Structures are given as C-alpha cells and as structure tokens.
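Asker: Input start.pdb, format and content: PDB, C-alpha atoms.
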```
ATOM      1  CA  THR A   1       1.866  -8.426  15.153
ATOM      2  CA  GLN A   2       4.516 -10.422  13.348
ATOM      3  CA  LEU A   3       7.343 -11.668  15.579
ATOM      4  CA  LEU A   4      10.850 -11.934  14.158
ATOM      5  CA  GLU A   5      13.309 -14.213  15.893
ATOM      6  CA  GLN A   6      16.992 -13.818  15.228
ATOM      7  CA  SER A   7      19.710 -16.280  16.096
ATOM      8  CA  PRO A   8      22.222 -16.480  17.483
ATOM      9  CA  GLN A   9      21.834 -13.529  19.816
ATOM     10  CA  PHE A  10      25.609 -13.164  20.217
ATOM     11  CA  LEU A  11      28.447 -14.417  18.037
ATOM     12  CA  SER A  12      32.167 -13.876  18.451
ATOM     13  CA  ILE A  13      34.551 -15.381  15.897
ATOM     14  CA  GLN A  14      38.047 -14.916  14.578
ATOM     15  CA  GLU A  15      38.896 -12.891  11.524
ATOM     16  CA  GLY A  16      38.788 -14.999   8.370
ATOM     17  CA  GLU A  17      36.084 -17.391   9.552
ATOM     18  CA  ASN A  18      32.675 -17.788   7.929
ATOM     19  CA  LEU A  19      29.364 -17.314   9.722
ATOM     20  CA  THR A  20      25.624 -17.439   9.213
ATOM     21  CA  VAL A  21      22.908 -15.644  11.156
ATOM     22  CA  TYR A  22      19.208 -16.296  10.871
ATOM     23  CA  CYS A  23      15.884 -14.521  10.950
ATOM     24  CA  ASN A  24      12.649 -16.479  11.321
ATOM     25  CA  SER A  25       9.018 -15.525  11.509
ATOM     26  CA  SER A  26       5.797 -17.162  12.587
ATOM     27  CA  SER A  27       4.109 -15.895   9.425
ATOM     28  CA  VAL A  28       4.934 -14.982   5.858
ATOM     29  CA  PHE A  29       7.039 -11.909   5.203
ATOM     30  CA  SER A  30       5.828  -9.452   2.588
ATOM     31  CA  SER A  31       9.452  -8.368   2.259
ATOM     32  CA  LEU A  32      12.454  -8.513   4.527
ATOM     33  CA  GLN A  33      15.230  -6.062   5.152
ATOM     34  CA  TRP A  34      18.645  -6.587   6.745
ATOM     35  CA  TYR A  35      20.399  -3.749   8.559
ATOM     36  CA  ARG A  36      23.758  -3.328  10.272
ATOM     37  CA  GLN A  37      24.095  -0.992  13.224
ATOM     38  CA  GLU A  38      27.452   0.091  14.570
ATOM     39  CA  PRO A  39      27.883   1.498  18.079
ATOM     40  CA  GLY A  40      26.670   5.079  18.388
ATOM     41  CA  GLU A  41      24.994   5.072  15.002
ATOM     42  CA  GLY A  42      21.626   4.329  13.481
ATOM     43  CA  PRO A  43      20.977   1.147  11.476
ATOM     44  CA  VAL A  44      22.045   1.151   7.830
ATOM     45  CA  LEU A  45      20.105  -0.842   5.244
ATOM     46  CA  LEU A  46      22.118  -3.661   3.657
ATOM     47  CA  VAL A  47      19.554  -5.360   1.459
ATOM     48  CA  THR A  48      15.839  -5.921   0.825
ATOM     49  CA  VAL A  49      14.583  -9.344  -0.276
ATOM     50  CA  VAL A  50      11.126  -9.771  -1.689
ATOM     51  CA  THR A  51      10.802 -13.011  -3.653
ATOM     52  CA  GLY A  52      10.780 -16.470  -2.070
ATOM     53  CA  GLY A  53      14.053 -18.281  -2.798
ATOM     54  CA  GLU A  54      15.808 -15.037  -3.652
ATOM     55  CA  VAL A  55      19.565 -14.803  -3.138
ATOM     56  CA  LYS A  56      21.405 -11.498  -3.095
ATOM     57  CA  LYS A  57      25.126 -10.893  -2.750
ATOM     58  CA  LEU A  58      26.842  -7.820  -1.415
ATOM     59  CA  LYS A  59      30.610  -8.385  -1.625
ATOM     60  CA  ARG A  60      31.306 -11.010   1.103
ATOM     61  CA  LEU A  61      27.690 -10.998   2.340
ATOM     62  CA  THR A  62      25.111 -13.409   0.930
ATOM     63  CA  PHE A  63      21.436 -13.006   1.802
ATOM     64  CA  GLN A  64      18.891 -15.751   1.247
ATOM     65  CA  PHE A  65      15.116 -15.572   1.493
ATOM     66  CA  GLY A  66      13.368 -18.850   2.211
ATOM     67  CA  ASP A  67      11.100 -20.389  -0.406
ATOM     68  CA  ALA A  68       8.119 -20.008   1.898
ATOM     69  CA  ARG A  69       9.145 -16.423   2.792
ATOM     70  CA  LYS A  70       9.129 -17.189   6.514
ATOM     71  CA  ASP A  71      12.870 -17.229   7.057
ATOM     72  CA  SER A  72      16.041 -15.540   5.891
ATOM     73  CA  SER A  73      19.746 -15.936   6.439
ATOM     74  CA  LEU A  74      22.836 -13.781   6.153
ATOM     75  CA  HIS A  75      26.135 -15.502   5.428
ATOM     76  CA  ILE A  76      29.450 -13.683   5.751
ATOM     77  CA  THR A  77      32.521 -15.157   4.133
ATOM     78  CA  ALA A  78      36.009 -14.469   5.496
ATOM     79  CA  ALA A  79      34.758 -12.135   8.225
ATOM     80  CA  GLN A  80      36.738  -8.999   8.951
ATOM     81  CA  PRO A  81      36.827  -6.774  12.054
ATOM     82  CA  GLY A  82      34.907  -4.139  10.086
ATOM     83  CA  ASP A  83      31.940  -6.539   9.982
ATOM     84  CA  THR A  84      31.497  -6.124  13.734
ATOM     85  CA  GLY A  85      28.093  -4.745  14.622
ATOM     86  CA  LEU A  86      24.476  -5.488  15.376
ATOM     87  CA  TYR A  87      22.702  -7.210  12.497
ATOM     88  CA  LEU A  88      18.957  -6.634  12.422
ATOM     89  CA  CYS A  89      16.237  -8.050  10.244
ATOM     90  CA  ALA A  90      13.021  -6.112   9.752
ATOM     91  CA  GLU A  91       9.717  -6.550   8.020
ATOM     92  CA  SER A  92       7.270  -3.959   6.820
ATOM     93  CA  GLY A  93       3.821  -5.032   5.846
ATOM     94  CA  GLY A  94       2.802  -1.462   5.213
ATOM     95  CA  GLY A  95       0.142  -1.691   7.855
ATOM     96  CA  ALA A  96      -0.409  -0.279  11.320
ATOM     97  CA  ASP A  97       2.547  -2.214  12.734
ATOM     98  CA  GLY A  98       4.990  -0.022  10.854
ATOM     99  CA  LEU A  99       8.403  -1.609  10.669
ATOM    100  CA  THR A 100       8.952  -4.665  12.892
ATOM    101  CA  PHE A 101      12.498  -5.554  13.909
ATOM    102  CA  GLY A 102      14.064  -8.664  15.347
ATOM    103  CA  LYS A 103      16.230  -8.200  18.420
ATOM    104  CA  GLY A 104      19.356  -8.662  16.356
ATOM    105  CA  THR A 105      22.585 -10.624  16.346
ATOM    106  CA  HIS A 106      25.539  -8.973  18.061
ATOM    107  CA  LEU A 107      28.555  -9.945  15.956
ATOM    108  CA  ILE A 108      32.155  -9.450  17.043
ATOM    109  CA  ILE A 109      35.007 -10.285  14.704
ATOM    110  CA  GLN A 110      38.274 -10.566  16.581
ATOM    111  CA  PRO A 111      41.516  -9.751  14.735
TER
ATOM    112  CA  LYS B   1      22.993  15.314   0.348
ATOM    113  CA  ALA B   2      22.577  15.760   4.078
ATOM    114  CA  GLY B   3      21.363  12.761   6.014
ATOM    115  CA  VAL B   4      18.798  12.495   8.762
ATOM    116  CA  THR B   5      19.643  14.871  11.610
ATOM    117  CA  GLN B   6      18.502  14.322  15.176
ATOM    118  CA  THR B   7      18.858  16.724  18.074
ATOM    119  CA  PRO B   8      19.850  16.655  20.823
ATOM    120  CA  ARG B   9      22.262  13.711  20.679
ATOM    121  CA  TYR B  10      22.413  13.203  24.426
ATOM    122  CA  LEU B  11      20.210  14.364  27.269
ATOM    123  CA  ILE B  12      19.474  13.565  30.874
ATOM    124  CA  LYS B  13      16.048  14.147  32.404
ATOM    125  CA  THR B  14      14.448  13.544  35.770
ATOM    126  CA  ARG B  15      11.461  11.287  36.366
ATOM    127  CA  GLY B  16       8.210  13.153  35.832
ATOM    128  CA  GLN B  17       9.668  15.668  33.400
ATOM    129  CA  GLN B  18       8.868  15.787  29.732
ATOM    130  CA  VAL B  19      11.189  15.778  26.739
ATOM    131  CA  THR B  20      10.997  16.839  23.098
ATOM    132  CA  LEU B  21      13.255  15.347  20.450
ATOM    133  CA  SER B  22      13.695  16.724  16.965
ATOM    134  CA  CYS B  23      14.316  15.105  13.591
ATOM    135  CA  SER B  24      15.118  16.706  10.240
ATOM    136  CA  PRO B  25      14.615  14.222   7.380
ATOM    137  CA  ILE B  26      16.527  14.015   4.136
ATOM    138  CA  SER B  27      15.452  16.805   1.810
ATOM    139  CA  GLY B  28      12.440  15.742  -0.226
ATOM    140  CA  HIS B  29      11.441  12.888   2.107
ATOM    141  CA  ARG B  30       7.881  13.147   3.368
ATOM    142  CA  SER B  31       7.850  10.187   5.737
ATOM    143  CA  VAL B  32       9.382  10.313   9.195
ATOM    144  CA  SER B  33       9.187   7.385  11.585
ATOM    145  CA  TRP B  34      10.351   7.084  15.171
ATOM    146  CA  TYR B  35      11.745   4.118  17.102
ATOM    147  CA  GLN B  36      12.821   3.296  20.637
ATOM    148  CA  GLN B  37      15.837   1.037  21.102
ATOM    149  CA  THR B  38      16.647  -0.609  24.443
ATOM    150  CA  PRO B  39      18.880  -3.569  25.298
ATOM    151  CA  GLY B  40      15.927  -5.574  26.552
ATOM    152  CA  GLN B  41      13.277  -4.901  23.924
ATOM    153  CA  GLY B  42      15.409  -4.071  20.914
ATOM    154  CA  LEU B  43      14.179  -1.672  18.271
ATOM    155  CA  GLN B  44      10.488  -0.900  18.530
ATOM    156  CA  PHE B  45       8.346   1.185  16.216
ATOM    157  CA  LEU B  46       6.714   4.243  17.799
ATOM    158  CA  PHE B  47       4.904   6.013  14.971
ATOM    159  CA  GLU B  48       5.149   7.263  11.419
ATOM    160  CA  TYR B  49       4.190  10.616   9.987
ATOM    161  CA  PHE B  50       3.615  11.312   6.326
ATOM    162  CA  SER B  51       2.805  14.782   5.041
ATOM    163  CA  GLU B  52       1.935  16.004   8.560
ATOM    164  CA  THR B  53      -0.475  13.107   9.263
ATOM    165  CA  GLN B  54       0.175  10.205  11.609
ATOM    166  CA  ARG B  55      -0.090   7.138   9.437
ATOM    167  CA  ASN B  56       0.903   4.315  11.786
ATOM    168  CA  LYS B  57       1.325   3.971  15.513
ATOM    169  CA  GLY B  58       3.080   1.324  17.555
ATOM    170  CA  ASN B  59       2.063  -0.135  20.872
ATOM    171  CA  PHE B  60       3.228   2.626  23.224
ATOM    172  CA  PRO B  61       1.281   4.546  25.875
ATOM    173  CA  GLY B  62      -0.248   7.925  25.176
ATOM    174  CA  ARG B  63       2.668   9.636  26.932
ATOM    175  CA  PHE B  64       4.504   9.214  23.641
ATOM    176  CA  SER B  65       3.345  11.611  20.968
ATOM    177  CA  GLY B  66       4.671  13.253  17.869
ATOM    178  CA  ARG B  67       3.979  15.685  15.118
ATOM    179  CA  GLN B  68       5.272  16.670  11.726
ATOM    180  CA  PHE B  69       5.555  20.148  10.304
ATOM    181  CA  SER B  70       4.926  21.359   6.778
ATOM    182  CA  ASN B  71       8.664  21.233   6.025
ATOM    183  CA  SER B  72       8.616  17.503   7.026
ATOM    184  CA  ARG B  73      10.635  18.087  10.187
ATOM    185  CA  SER B  74       9.260  16.049  13.046
ATOM    186  CA  GLU B  75       9.259  16.154  16.812
ATOM    187  CA  MET B  76       8.415  13.516  19.340
ATOM    188  CA  ASN B  77       7.440  14.221  22.907
ATOM    189  CA  VAL B  78       7.455  12.017  25.963
ATOM    190  CA  SER B  79       5.581  13.313  28.987
ATOM    191  CA  THR B  80       5.802  12.213  32.619
ATOM    192  CA  LEU B  81       9.091  10.445  32.046
ATOM    193  CA  GLU B  82       9.730   7.085  33.695
ATOM    194  CA  LEU B  83      13.036   5.338  34.324
ATOM    195  CA  GLY B  84      12.087   2.770  31.701
ATOM    196  CA  ASP B  85      11.965   5.471  29.035
ATOM    197  CA  SER B  86      15.760   5.592  29.071
ATOM    198  CA  ALA B  87      16.688   4.532  25.564
ATOM    199  CA  LEU B  88      18.116   5.462  22.209
ATOM    200  CA  TYR B  89      15.410   7.178  20.173
ATOM    201  CA  LEU B  90      15.915   6.826  16.445
ATOM    202  CA  CYS B  91      14.296   8.734  13.642
ATOM    203  CA  ALA B  92      14.179   7.554  10.042
ATOM    204  CA  SER B  93      13.053   9.170   6.828
ATOM    205  CA  SER B  94      11.944   7.815   3.487
ATOM    206  CA  LEU B  95      10.469   9.039   0.273
ATOM    207  CA  GLY B  96       7.354   6.882   0.217
ATOM    208  CA  GLY B  97       7.016   5.634   3.783
ATOM    209  CA  LEU B  98       7.082   2.225   5.449
ATOM    210  CA  LEU B  99       5.914   0.219   2.490
ATOM    211  CA  ALA B 100       7.513  -2.958   1.248
ATOM    212  CA  GLY B 101      10.567  -2.180  -0.813
ATOM    213  CA  ASN B 102      11.035   1.437   0.259
ATOM    214  CA  THR B 103      14.424   2.386   1.636
ATOM    215  CA  ILE B 104      14.461   4.151   4.966
ATOM    216  CA  TYR B 105      17.413   6.100   6.306
ATOM    217  CA  PHE B 106      18.120   6.383  10.009
ATOM    218  CA  GLY B 107      19.630   9.227  11.966
ATOM    219  CA  GLU B 108      22.259   8.653  14.645
ATOM    220  CA  GLY B 109      19.683   8.854  17.411
ATOM    221  CA  SER B 110      19.074  10.752  20.628
ATOM    222  CA  TRP B 111      20.296   9.096  23.805
ATOM    223  CA  LEU B 112      17.845   9.777  26.630
ATOM    224  CA  THR B 113      18.697   8.937  30.224
ATOM    225  CA  VAL B 114      15.996   9.313  32.855
ATOM    226  CA  VAL B 115      17.232   9.542  36.447
TER
END
```
Kindly transcribe the structure held in the file into structure tokens.
Answerer:
Amino acid sequence: TQLLEQSPQFLSIQEGENLTVYCNSSSVFSSLQWYRQEPGEGPVLLVTVVTGGEVKKLKRLTFQFGDARKDSSLHITAAQPGDTGLYLCAESGGGADGLTFGKGTHLIIQP
Amino acid sequence: KAGVTQTPRYLIKTRGQQVTLSCSPISGHRSVSWYQQTPGQGLQFLFEYFSETQRNKGNFPGRFSGRQFSNSRSEMNVSTLELGDSALYLCASSLGGLLAGNTIYFGEGSWLTVV
C-alpha cells in the first residue's frame, strides 16, 4: 500500500502571505489528486496531475508534480480567509487499494 | 444536476448495535466508493462498487460491508459497533470508477457517533 505523507500537518498564516504544502510518497504515483475539504463538507477535487514535471495553475493556486512522480506541492499566493480548509492529496493506482489519501494539511488563513 | 446525497447526516448509536448508511450517486454514475474519516487516521478507503459488484476493498474488518442496487444507489452497513467506529463516513461517485484521471465527487458525509 502506497503511503502519502503530507507536510506541514498544521499551518496558520496571515491573509496576504504565500505558502507551500507538500505531498510525498515512498513510491511512484500513477497520478495525483489534490482536494480541499471545508468543515462539515466532503472533499472537493482541485486538480489532477499525471505527468512528471507538470505544473498546473488554478487562479492563485499552483500545483507541481515532481519529475520523478514521487512528490507534489501546492503553492498558494496571497492567501485569503476563503482558502482555509483541509488540503488532501490522494493517489489512485486503479488497483485493490482504491483511493489512498494523505492525512492532510490543516490550513488557517487569519484575516 | 444533483450532487451526491448521503443520509442520514447525523446519527448516534450504542456499542453493539448496527447501522446502515445510504448514498445516492450523481445521475448516470455507476461507481460508488465509501470512506471513513477520523482525526487520527485521516481518510481511509472502505470499498468501491461498480454496477452492483464490489470492485475494491480496503483494509477494514468484515463488520463493514456494503452493497449497490441496480439504480446505483449504495448502502454500507457496520455491525457490532465499537467506539472506534465513530467517524465521518463519506461516499463518492464517479462515472468510470477509481482509475487514474477520473473525477470523483464526494457527498457531505454521515456523522456517526458510537456511545
């Protein structure tokens, strides 16, 4: 079973600051997904990265997939209180393990 | 279109009882997967059903079971409840299942408290 490690576990910053959170694996990802989960709701898919070295942008969010496809990062520019939530990375190899999630980064953006 | 609907949203059960949770996927989606989320273990995969057949199963004891009906609606059942089963149970649906690149959509979850 692939293990996904996310760091940091908790992050609290002021509005307007930049931040980066990470997702690392002991083995190669077939593809990687990033989700955001707000309190009382289910996770919502932000992006899927598939190709090593891939960079995807979603407004102020930038997602990078490592060249070796064993790590990924999410960078948020000029964070806003609406970015507060639990950020999860997940990998699906399509096999018996289903969808494997990291434990997430709890992000709080203070106004 | 309507999203993934889970019922009930909140419930409290006593140790030893059993519970059934329900999930209605997005119309047209044939895959339904279930997850348990706890503060300590995070989000963990329980099982996936596709066209009424269990396709994948996570590492949970046999007390956790599920099924899918011909209209793609799914239920999961937990028997002989333990305190540690207290969690948010999430259901997700997708068109093609848990394959690389497929988008899955989560419901809001069912909060189960075992006392």
Asker: Translate the PyMOL selection byres ((chain A) within 12 of (chain B)), as applied to the file shown, into an explicit residue set as number ranges by chain.
Answerer: A: 1, 3-6, 9, 29-51, 86-106
Asker: Starting from the displayed file, determine the output of the PyMOL selection byres ((chain B and resi 62-72) around 10) and express the residue list as a ChimeraX atom specification.
Answerer: /B:18-34,46-54,57,59-61,73-81,85,93
Asker: Between atom CA of A:Asp71 and atom CA of A:Val55, measure the distance and give it in Å to one decimal.
Answerer: 12.4 Å
Asker: I'd like to know which of A:Ser7, A:Thr84, A:Thr77, A:Gln64 is closest to A:Cys23, using all atoms listed in the file.
Answerer: A:Ser7
Asker: Mind giving me the straight-line distance from atom CA of B:Leu112 to atom CA of B:Leu11 in Å, one decimal?
Answerer: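 Straight-line distance from atom CA of B:Leu112 to atom CA of B:Leu11 works out to 5.2 Å.
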Asker: Could you rebuild stretch 22-45 of chain A with N, CA and C atoms and give me the result as a PDB file, in the coordinates of the input?
Answerer:
```pdb
ATOM      1  N   TYR A  22      20.531 -15.937  11.359  1.00  0.00           N
ATOM      2  CA  TYR A  22      19.208 -16.296  10.871  1.00  0.00           C
ATOM      3  C   TYR A  22      18.117 -15.354  11.381  1.00  0.00           C
ATOM      4  N   CYS A  23      17.061 -15.296  10.578  1.00  0.00           N
ATOM      5  CA  CYS A  23      15.884 -14.521  10.950  1.00  0.00           C
ATOM      6  C   CYS A  23      14.661 -15.343  10.568  1.00  0.00           C
ATOM      7  N   ASN A  24      13.820 -15.637  11.558  1.00  0.00           N
ATOM      8  CA  ASN A  24      12.649 -16.479  11.321  1.00  0.00           C
ATOM      9  C   ASN A  24      11.375 -15.795  11.816  1.00  0.00           C
ATOM     10  N   SER A  25      10.293 -16.121  11.150  1.00  0.00           N
ATOM     11  CA  SER A  25       9.018 -15.525  11.509  1.00  0.00           C
ATOM     12  C   SER A  25       7.947 -16.593  11.661  1.00  0.00           C
ATOM     13  N   SER A  26       6.932 -16.251  12.420  1.00  0.00           N
ATOM     14  CA  SER A  26       5.797 -17.162  12.587  1.00  0.00           C
ATOM     15  C   SER A  26       4.846 -17.082  11.404  1.00  0.00           C
ATOM     16  N   SER A  27       4.988 -16.049  10.581  1.00  0.00           N
ATOM     17  CA  SER A  27       4.109 -15.895   9.425  1.00  0.00           C
ATOM     18  C   SER A  27       4.912 -15.398   8.225  1.00  0.00           C
ATOM     19  N   VAL A  28       4.254 -15.315   7.106  1.00  0.00           N
ATOM     20  CA  VAL A  28       4.934 -14.982   5.858  1.00  0.00           C
ATOM     21  C   VAL A  28       5.335 -13.504   5.826  1.00  0.00           C
ATOM     22  N   PHE A  29       6.576 -13.284   5.390  1.00  0.00           N
ATOM     23  CA  PHE A  29       7.039 -11.909   5.203  1.00  0.00           C
ATOM     24  C   PHE A  29       6.498 -11.353   3.893  1.00  0.00           C
ATOM     25  N   SER A  30       6.113 -10.087   3.875  1.00  0.00           N
ATOM     26  CA  SER A  30       5.828  -9.452   2.588  1.00  0.00           C
ATOM     27  C   SER A  30       7.161  -9.096   1.927  1.00  0.00           C
ATOM     28  N   SER A  31       8.078  -8.574   2.703  1.00  0.00           N
ATOM     29  CA  SER A  31       9.452  -8.368   2.259  1.00  0.00           C
ATOM     30  C   SER A  31      10.297  -8.301   3.511  1.00  0.00           C
ATOM     31  N   LEU A  32      11.593  -8.493   3.361  1.00  0.00           N
ATOM     32  CA  LEU A  32      12.454  -8.513   4.527  1.00  0.00           C
ATOM     33  C   LEU A  32      13.672  -7.647   4.263  1.00  0.00           C
ATOM     34  N   GLN A  33      14.056  -6.910   5.262  1.00  0.00           N
ATOM     35  CA  GLN A  33      15.230  -6.062   5.152  1.00  0.00           C
ATOM     36  C   GLN A  33      16.262  -6.476   6.186  1.00  0.00           C
ATOM     37  N   TRP A  34      17.529  -6.369   5.819  1.00  0.00           N
ATOM     38  CA  TRP A  34      18.645  -6.587   6.745  1.00  0.00           C
ATOM     39  C   TRP A  34      19.373  -5.260   6.934  1.00  0.00           C
ATOM     40  N   TYR A  35      19.675  -4.967   8.201  1.00  0.00           N
ATOM     41  CA  TYR A  35      20.399  -3.749   8.559  1.00  0.00           C
ATOM     42  C   TYR A  35      21.629  -4.114   9.381  1.00  0.00           C
ATOM     43  N   ARG A  36      22.627  -3.235   9.348  1.00  0.00           N
ATOM     44  CA  ARG A  36      23.758  -3.328  10.272  1.00  0.00           C
ATOM     45  C   ARG A  36      23.821  -2.027  11.059  1.00  0.00           C
ATOM     46  N   GLN A  37      23.985  -2.163  12.357  1.00  0.00           N
ATOM     47  CA  GLN A  37      24.095  -0.992  13.224  1.00  0.00           C
ATOM     48  C   GLN A  37      25.411  -1.045  13.977  1.00  0.00           C
ATOM     49  N   GLU A  38      26.188  -0.007  13.849  1.00  0.00           N
ATOM     50  CA  GLU A  38      27.452   0.091  14.570  1.00  0.00           C
ATOM     51  C   GLU A  38      27.236   0.955  15.815  1.00  0.00           C
ATOM     52  N   PRO A  39      28.064   0.766  16.817  1.00  0.00           N
ATOM     53  CA  PRO A  39      27.883   1.498  18.079  1.00  0.00           C
ATOM     54  C   PRO A  39      27.807   3.005  17.871  1.00  0.00           C
ATOM     55  N   GLY A  40      26.804   3.637  18.478  1.00  0.00           N
ATOM     56  CA  GLY A  40      26.670   5.079  18.388  1.00  0.00           C
ATOM     57  C   GLY A  40      26.046   5.587  17.108  1.00  0.00           C
ATOM     58  N   GLU A  41      25.591   4.662  16.272  1.00  0.00           N
ATOM     59  CA  GLU A  41      24.994   5.072  15.002  1.00  0.00           C
ATOM     60  C   GLU A  41      23.629   4.433  14.813  1.00  0.00           C
ATOM     61  N   GLY A  42      22.890   4.957  13.825  1.00  0.00           N
ATOM     62  CA  GLY A  42      21.626   4.329  13.481  1.00  0.00           C
ATOM     63  C   GLY A  42      21.846   3.166  12.535  1.00  0.00           C
ATOM     64  N   PRO A  43      20.856   2.280  12.404  1.00  0.00           N
ATOM     65  CA  PRO A  43      20.977   1.147  11.476  1.00  0.00           C
ATOM     66  C   PRO A  43      21.118   1.628  10.032  1.00  0.00           C
ATOM     67  N   VAL A  44      21.865   0.846   9.252  1.00  0.00           N
ATOM     68  CA  VAL A  44      22.045   1.151   7.830  1.00  0.00           C
ATOM     69  C   VAL A  44      21.533  -0.037   7.031  1.00  0.00           C
ATOM     70  N   LEU A  45      20.686   0.226   6.050  1.00  0.00           N
ATOM     71  CA  LEU A  45      20.105  -0.842   5.244  1.00  0.00           C
ATOM     72  C   LEU A  45      21.179  -1.530   4.413  1.00  0.00           C
TER      73      LEU A  45
END
```
